[in-house]
Structure formats: structure tokens, C-alpha cells
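Heads up, the thing below is written out as C-alpha cells.
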Amino acid sequence: MYVKKPGTTMRRILSALLPYAFMALLIWIWESLVGDSLAFVLPKPSLIAKQVFIQFPLLVRNMWSTISNAVFGFVAGSAFGLLCAIGFVYNATFAKTIYPYTLVIRSLPLMALLPILNGILGTGAPSKITIVALSSFFPVLVNTVQGLTSVSATTIELMHSLNASKRQVFWKVRLPSSLPHLFTGLKISASGAILAAIISEYMYAVKGIGALIVNFMFGARVLDLWAAMLVSALLSILFYWAVRILERVFIPWGKVVRE
Amino acid sequence: MSSVVLRNVSKSFDINNESLCALRDVSFEVGDHEIVSLIGPSGCGKSTLLRLIGGLLPQDSGEIEVCSLAPSAARKRQKYSFVFQDAVLFPWRSVIRNVMLPMEINRSSFDRSEARQRATQMLALVGLAGFEEASPNQLSGGMRHRVALARALVMSPPLIFMDEPFAALDEITRDRMNIETLRIWNETRASILFVTHSIEEAVFLSDRVLVFSTRPGELIADIRIDLPRPRELELKQHAACFKHTNEIRQMLARSMQKLVEAESCACT
């Protein structure tokens with residue numbers, strides 16, 4: 001039987017609190033060190049928090065289009081990455097022809113693509129969603145390819161000896177065993193999706209956190225910039241956590257391993 | 001009737017454009033309800049041989065019959081099943097759904113509740129009643145191999161191929177799995193073709209031990225183990241058992257010695 005060691009619960013609570021304590025410490029140092037000379041570019045955290053509160057209606061009003069562009073782009077890019085990965089694993093010619101060029105998509109400066117996409121797709125949501133999709137595509141692709149090909153030779157032999165068709169091998173083995181890798185890709189993409197959505201709003205955007213940031217930049221409204229940054233950071237963290245929760249739902253067996 | 005017949009089977013592999021002879025001119029038979037072990041130094045092609053018989057690899061020459069069928073036909077009718085060194089269980093499936101996998105893949109005549117019932121019986125047979133809904137990740141190494149065994153038995157194949165199934169287990173667990181294998185064999189009446197590195201294990205389990213030389217793998221002896229059945233672990237300390245293990249050990253040593261001499265001749 002498992003005997004609980006004394007103090008374990010206490011230690012667990014303390015270790016869970018550790019990152020928050022660290023953040024509190026950083027904020028406290030920041031708060032107490034900011035002098036008058038830097039106050040314009042580096043305002044006290046308390047002032048930033050206050051600014052978020054003041055600008056809350058404006059930030060919230062602009063948040064929704066950023067979130068929806070990020071979510072749609074993330075879903076589209078990830079789905080495309082997943083499909084490409086499956087194509088690569090099952091068709092060597094397709095993989096050989098296309099795979100080297102997927103790296104190009106990763107290395108494109110998204111800012112430079114903006115005017116081009118705006119010219120092709122118009123200045124509405126489609127061009128912005130495309131930017132996010134381009135940034136989400138590659139991490140999902142690479143990780144899923146890795147996952148789909150990580151099935152052991154013995155596993156394939158077992159399936160072969162059981163008379164399994166290629167289709168059965170895919171649905172019963174390759175896809176489920178690639179899920180942990182797929183989610184690694186999804187988490188990387190999710191953490192960058194809000195950022196990509198904000199970049200997509202730098203041009204021709206009338207709303208969105210990105211459009212706000214451009215406005216604040218040109219108005220030299222530093223406090224508002226900090227408030228917008230704080231909100232975008234929080235959104236990215238929320239997005240990442242949403243995918244992590246999905247991961248737990250889709251890979252319940254992963255939890256057993258972690259324990 | 002023999003469940004496996006091999007006549008003059010050879011197999012070579014191309015490695016770096018060089019043809020490497022893995023098996024040369026191997027012939028033997030495995031009778032019904034017989035346990036036959038294949039033993040030999042590593043790299044002698046024992047596992048390759050098992051894959052040829054299972055139709056997972058094609059032989060270069062010679063004939064193989066499994067239950068009077070070609071290996072691939074025997075596979076399509078699920079006349080045999082495999083147990084590997086790794087249990088190969090899927091963590092996204094519960095224990096019972098791992099055992100049901102062969103029935104699912106072959107869309108057997110069982111409906112779902114019958115399949116479930118059959119899998120439950122097999123788990124009981126291997127001593128895992130009550131673990132149906134557990135996750136494979138929660139099981140010990142020995143228990144995982146029991147699940148693999150249940151999965152191999154679920155289609156009631158007349159023949160089971162075991163490729164160093166217990167090599168990764170500790171000795172105590174291994175001894176227990178040997179006893180379990182004999183008990184299950186006795187209940188199912190299947191023939192077993194068993195690849196192992198352990199001379200003691202081969203002697204303890206088998207009716208016959210086939211000894212292979214190092215590469216190219218050739219059958220150098222077919223030794224009948226005339227120990228009484230049912231066998232208990234105590235038998236491993238028995239003089240008759242030692243006699244067989246010593247005989248095989250010397251045979252393997254001689255074949256290695258020849259290899260060393262051949263190599264030193266080639267050098268001078």
C-alpha cells in the first residue's frame with residue numbers, strides 16, 4: 001500500500017505556488033526599482049494594471065476579432081499540417097517533392113507577406129486567417145510526421161501477422177500513436193497563433209489587438225502599449241492551456257505515464 | 001500431420017550491396033501439439049526463420065508449409081499467431097480491447113459481446129481475470145506478456161510463434177512465465193515454435209531443441225528432450241536436464257570454435 005509521507009501535501013502546494021511567487025517577486029522588484037528616468041517607457045506594474053482596467057472596454061472590444069482570426073487560422077493551418085503529414089508518410093514521391101519547400105513557409109517573414117495577401121485575398125479576415133494558418137502549419141506538420149513514423153518495426157510486424165490492411169494499420173496504430181506528437185505541434189502552434197494574428201492586424205485593420213498596438217505606437221501611448229501587451233500575453237497563455245486541456249481529453253493514456 | 005514443414009529453406013539479405021547468407025538449407029518439421037525451440041548464437045537467423053514461416057518475409061529458395069498451406073495463406077486464415085520480445089500493447093486500448101484486436105482486424109464471426117466474452121476467457125486463462133479494464137501502462141512486465149499471450153490465443157490458432165518472448169524479463173518472472181506457457185500449452189493443444197537465447201529455457205519447455213550454427217545459420221542438431229511431462233520448476237535442477245543443457249552448450253561452443261578457426265585461417 002502507498003503510505004503518504006508527512007509533509008508531502010505541503011510540499012506539493014509550495015511547488016505549485018513557486019512560479020507565482022517568482023512572478024510576484026519580479027513584479028515587486030520592477031515596481032520598486034523603476035525610477036523617474038525610465039518611467040515613461042517602463043511604467044510601474046501597478047500603473048499598467050490600472051491601465052488595463054481603464055482601457056478594458058476598448059481592449060475587450062478589439063479582442064474578439066484577434067481571437068477568432070487566431071482560432072480559425074490555427075485550426076486551418078493545423079488541419080492542413082496534419083493532412084500533409086499523412087500524405088508525406090504514405091506517398092514517398094509527394095514527400096520528396098514537397099517536404100523541402102515546407103521549410104520555406106516557416107521562414108517567410110509574415111510581415112512582408114501581409115501586403116501581398118491583402119492584395120490577393122482582400123483586407124478582411126481571410127488574409128489574416130491565412131497568416132495565422134501559415135505560422136501554425138509547420139510545427140504540426142513536422143511533429144505529426146515524426147509521430148506517424150515512430151511506430152516500432154515490431155508493432156508493424158504484429159499488425160502484419162494479424163492480417164491488418166494498410167487502412168487498419170493507420171487507424172488502429174499510426175494515428176493514435178502519433179497523437180502525443182501531434183499535440184506537441186499543436187501546443188507550439190497555439191502559443192504562436194495569437195502573436196501571428198496580432199501581426200496580421202498591423203496593416204489595413206480597423207479592429208483587433210494588433211490594430212490597437214499600431215495606434216498606440218504611433219500615438220506614443222506607452223502605458224496603453226503595455227496594457228495591450230499584457231492582454232496579448234494572457235490570450236496566448238489561455239490558448240496554450242486550452243490545447244493542453246484538449247490533449248488531456250484526447251490522450252487519457254498519457255496521464256497514466258506521467259503518474 | 002505436421003503443423004510446420006520446411007524443406008531446404010535458404011535466405012540471404014543484401015547489406016551494402018553485399019549478399020549476406022542468413023540461413024542455409026534448413027529443413028525440419030514441427031508435429032502437432034509439439035513445442036520446438038530454436039537456439040543458436042545471436043545473428044544465426046532464428047528470428048528470420050520465424051518470420052519466413054510466418055510469411056512476414058519471403059524465402060529465397062526451399063519450401064515452407066504451415067498447416068499444409070503456404071505461409072501467407074496460413075496467415076490470412078490466422079493459423080498462427082506471434083508473441084514478440086516486446087509485448088506490443090497499445091496504451092490507448094484497455095487490456096481487454098488489446099486482446100480483442102485480432103478479432104477486430106479479421107472481422108471474425110464473433111459479434112462484439114461474443115468477442116468480449118472470448119477475450120475475458122483468454123485473460124482468465126493467462127491469470128489476469130479482473131484486469132480487463134486496466135490500462136497496459138499500469139501492468140508489470142510479466143503481466144504485459146500475459147496480455148500478449150492472451151491476444152495470441154484469442155483466435156485459437158493451431159500454432160504459436162514466440163520470438164524470445166521472455167528475454168526482457170527478470171529471471172524470477174521468466175521462470176513463472178515458462179510454467180504458465182506450459183500450462184496454457186497443455187490447455188490449448190497448440191504447437192509452439194519458440195526462439196530463445198537461453199539453453200535452460202529451451203530444454204525446460206521443449207519436446208525438441210533445434211540447434212543452429214552461427215551465420216550462415218544451419219541446422220546442426222535436432223535434439224529430442226525426453227523429460228517427463230507435466231514439468232515443474234524443480235526439473236531445472238534435475239540431472240537429466242543438466243545432461244541436455246550441457247550437450248547443447250558444448251555443441252554451440254564447438255560451432256563457435258570452428259568459426260574462430262575458420263576466421264584465423266582466413267587471416268593467415
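Chain labels run A, B, ... following the order of the C-alpha cells; each chain numbers its residues from 1, and ligands are numbered from 1 in the order shown.
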**OP:** May I have the residues within 8 Å of Arg146 in chain B as a list of chain:residue names, using only C-alpha atoms and disregarding those fewer than 5 positions away in the same chain?
**Re:** B:Leu123, B:Val126, B:Gly127, B:Leu128
Subject >> Distance-based interface of chain B with chain A, 6 Å, counting only C-alpha atoms, as an MDAnalysis selection string >> reply: chainID B and resid 91:92 102 105
Original post:
Counting only C-alpha atoms, what is within 12 Å of Leu117 in chain A, bar same-chain residues fewer than 5 positions away, as a ChimeraX atom specification?
Top reply: /A:110-112,122-132,134,200,203-204
Okay, now the selection with C-alpha atoms, as a short mmCIF file (atom, residue, chain, number, x, y, z; two decimals), in the first residue's frame?
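Printed below is selection-v5.cif as written:
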```cif
data_model
loop_
_atom_site.label_atom_id
_atom_site.label_comp_id
_atom_site.auth_asym_id
_atom_site.auth_seq_id
_atom_site.Cartn_x
_atom_site.Cartn_y
_atom_site.Cartn_z
CA LEU A 110 4.92 37.14 -42.21
CA MET A 111 5.07 40.95 -42.14
CA ALA A 112 6.29 41.01 -45.74
CA GLY A 122 -8.61 41.44 -49.64
CA THR A 123 -8.10 43.23 -46.35
CA GLY A 124 -10.73 41.24 -44.43
CA ALA A 125 -10.48 38.17 -42.23
CA PRO A 126 -9.32 35.65 -44.91
CA SER A 127 -5.88 37.23 -45.35
CA LYS A 128 -5.42 37.42 -41.56
CA ILE A 129 -6.52 33.83 -41.07
CA THR A 130 -4.06 32.79 -43.78
CA ILE A 131 -1.18 34.45 -41.89
CA VAL A 132 -2.04 32.54 -38.71
CA LEU A 134 0.94 29.71 -42.26
CA SER A 200 -1.78 40.16 -39.34
CA MET A 203 -1.95 46.61 -41.82
CA TYR A 204 -5.38 47.61 -43.06
#
```
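In this model, the gap between CA of Ile86 in chain A and CA of Leu148 in chain A comes to 7.6 Å.
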Using only C-alpha atoms, which protein or nucleic acid residues come within 9 Å of Thr149 in chain A? Drop anything in the same chain fewer than 5 positions from it, and give the result as a compact mmCIF listing (two decimals) with N, CA, C and O atoms, in the first residue's frame.
```
# COMPACT_ATOMS: atom_id res chain seq x y z
N VAL A 89 3.78 10.66 -45.25
CA VAL A 89 4.12 9.35 -44.73
C VAL A 89 3.69 8.25 -45.70
O VAL A 89 4.34 7.22 -45.82
N THR A 144 3.88 15.78 -36.52
CA THR A 144 3.00 14.67 -36.89
C THR A 144 3.74 13.66 -37.76
O THR A 144 3.55 12.45 -37.61
N ARG A 174 -1.07 3.85 -36.30
CA ARG A 174 -0.29 5.05 -36.60
C ARG A 174 -0.93 6.31 -36.03
O ARG A 174 -0.27 7.11 -35.36
N SER A 178 0.48 8.61 -32.94
CA SER A 178 1.07 9.91 -33.30
C SER A 178 0.44 11.05 -32.51
O SER A 178 0.94 12.17 -32.55
```
Original post:
How far is it from CA of Leu52 in chain B to CA of Asn16 in chain B, in Å with one decimal?
Top reply: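 One can read the CA of Leu52 in chain B to CA of Asn16 in chain B distance as 21.9 Å.
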Original post:
Could you name the residues that touch range 184-191 of chain A at 9 Å or less, counting only C-alpha atoms, but leaving out those on the same chain fewer than 4 positions away, as a list in words?
Top reply: Ala70, Val71, Phe74, Gly77, Ser78, Ser135, Ser136, Phe137, Phe138, Pro139, Val140, Leu141, Val142, Asn143, Thr144, Leu179, Pro180, Leu195, Ser236, Ile237, Leu238, Phe239, Tyr240, Trp241, Ala242, Val243 and Arg244 of chain A
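For range 33-173 of chain B, backbone-based DSSP assignment of strand (DSSP E) covers B:Ile35, B:Val36, B:Ser37, B:Leu38, B:Ile39, B:Ser61, B:Gly62, B:Glu63, B:Ile64, B:Glu65, B:Val66, B:Tyr80, B:Ser81, B:Phe82, B:Val83, B:Leu159, B:Ile160, B:Phe161, B:Met162, B:Asp163.
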Subject >> CA of Ser47 in chain B to CA of His145 in chain B, distance in Å rounded to a single decimal >> reply: 18.3 Å
Sort by chain and increasing residue number a table of all residues of range 30-131 of chain B within 6 Å of range 208-227 of chain B, each with its closest pair of atoms and their distance in Å to one decimal, counting only C-alpha atoms, and write it as JSON lines.
```
{"residue": "B:Val36", "atom": "CA", "partner": "B:Arg208", "partner_atom": "CA", "distance": 4.9}
{"residue": "B:Ser37", "atom": "CA", "partner": "B:Val209", "partner_atom": "CA", "distance": 4.8}
{"residue": "B:Leu38", "atom": "CA", "partner": "B:Leu210", "partner_atom": "CA", "distance": 4.9}
{"residue": "B:Ile39", "atom": "CA", "partner": "B:Val211", "partner_atom": "CA", "distance": 5.1}
{"residue": "B:Gly40", "atom": "CA", "partner": "B:Phe212", "partner_atom": "CA", "distance": 4.7}
{"residue": "B:Pro41", "atom": "CA", "partner": "B:Thr214", "partner_atom": "CA", "distance": 5.7}
{"residue": "B:Cys44", "atom": "CA", "partner": "B:Gly217", "partner_atom": "CA", "distance": 4.6}
{"residue": "B:Gly45", "atom": "CA", "partner": "B:Gly217", "partner_atom": "CA", "distance": 5.7}
```
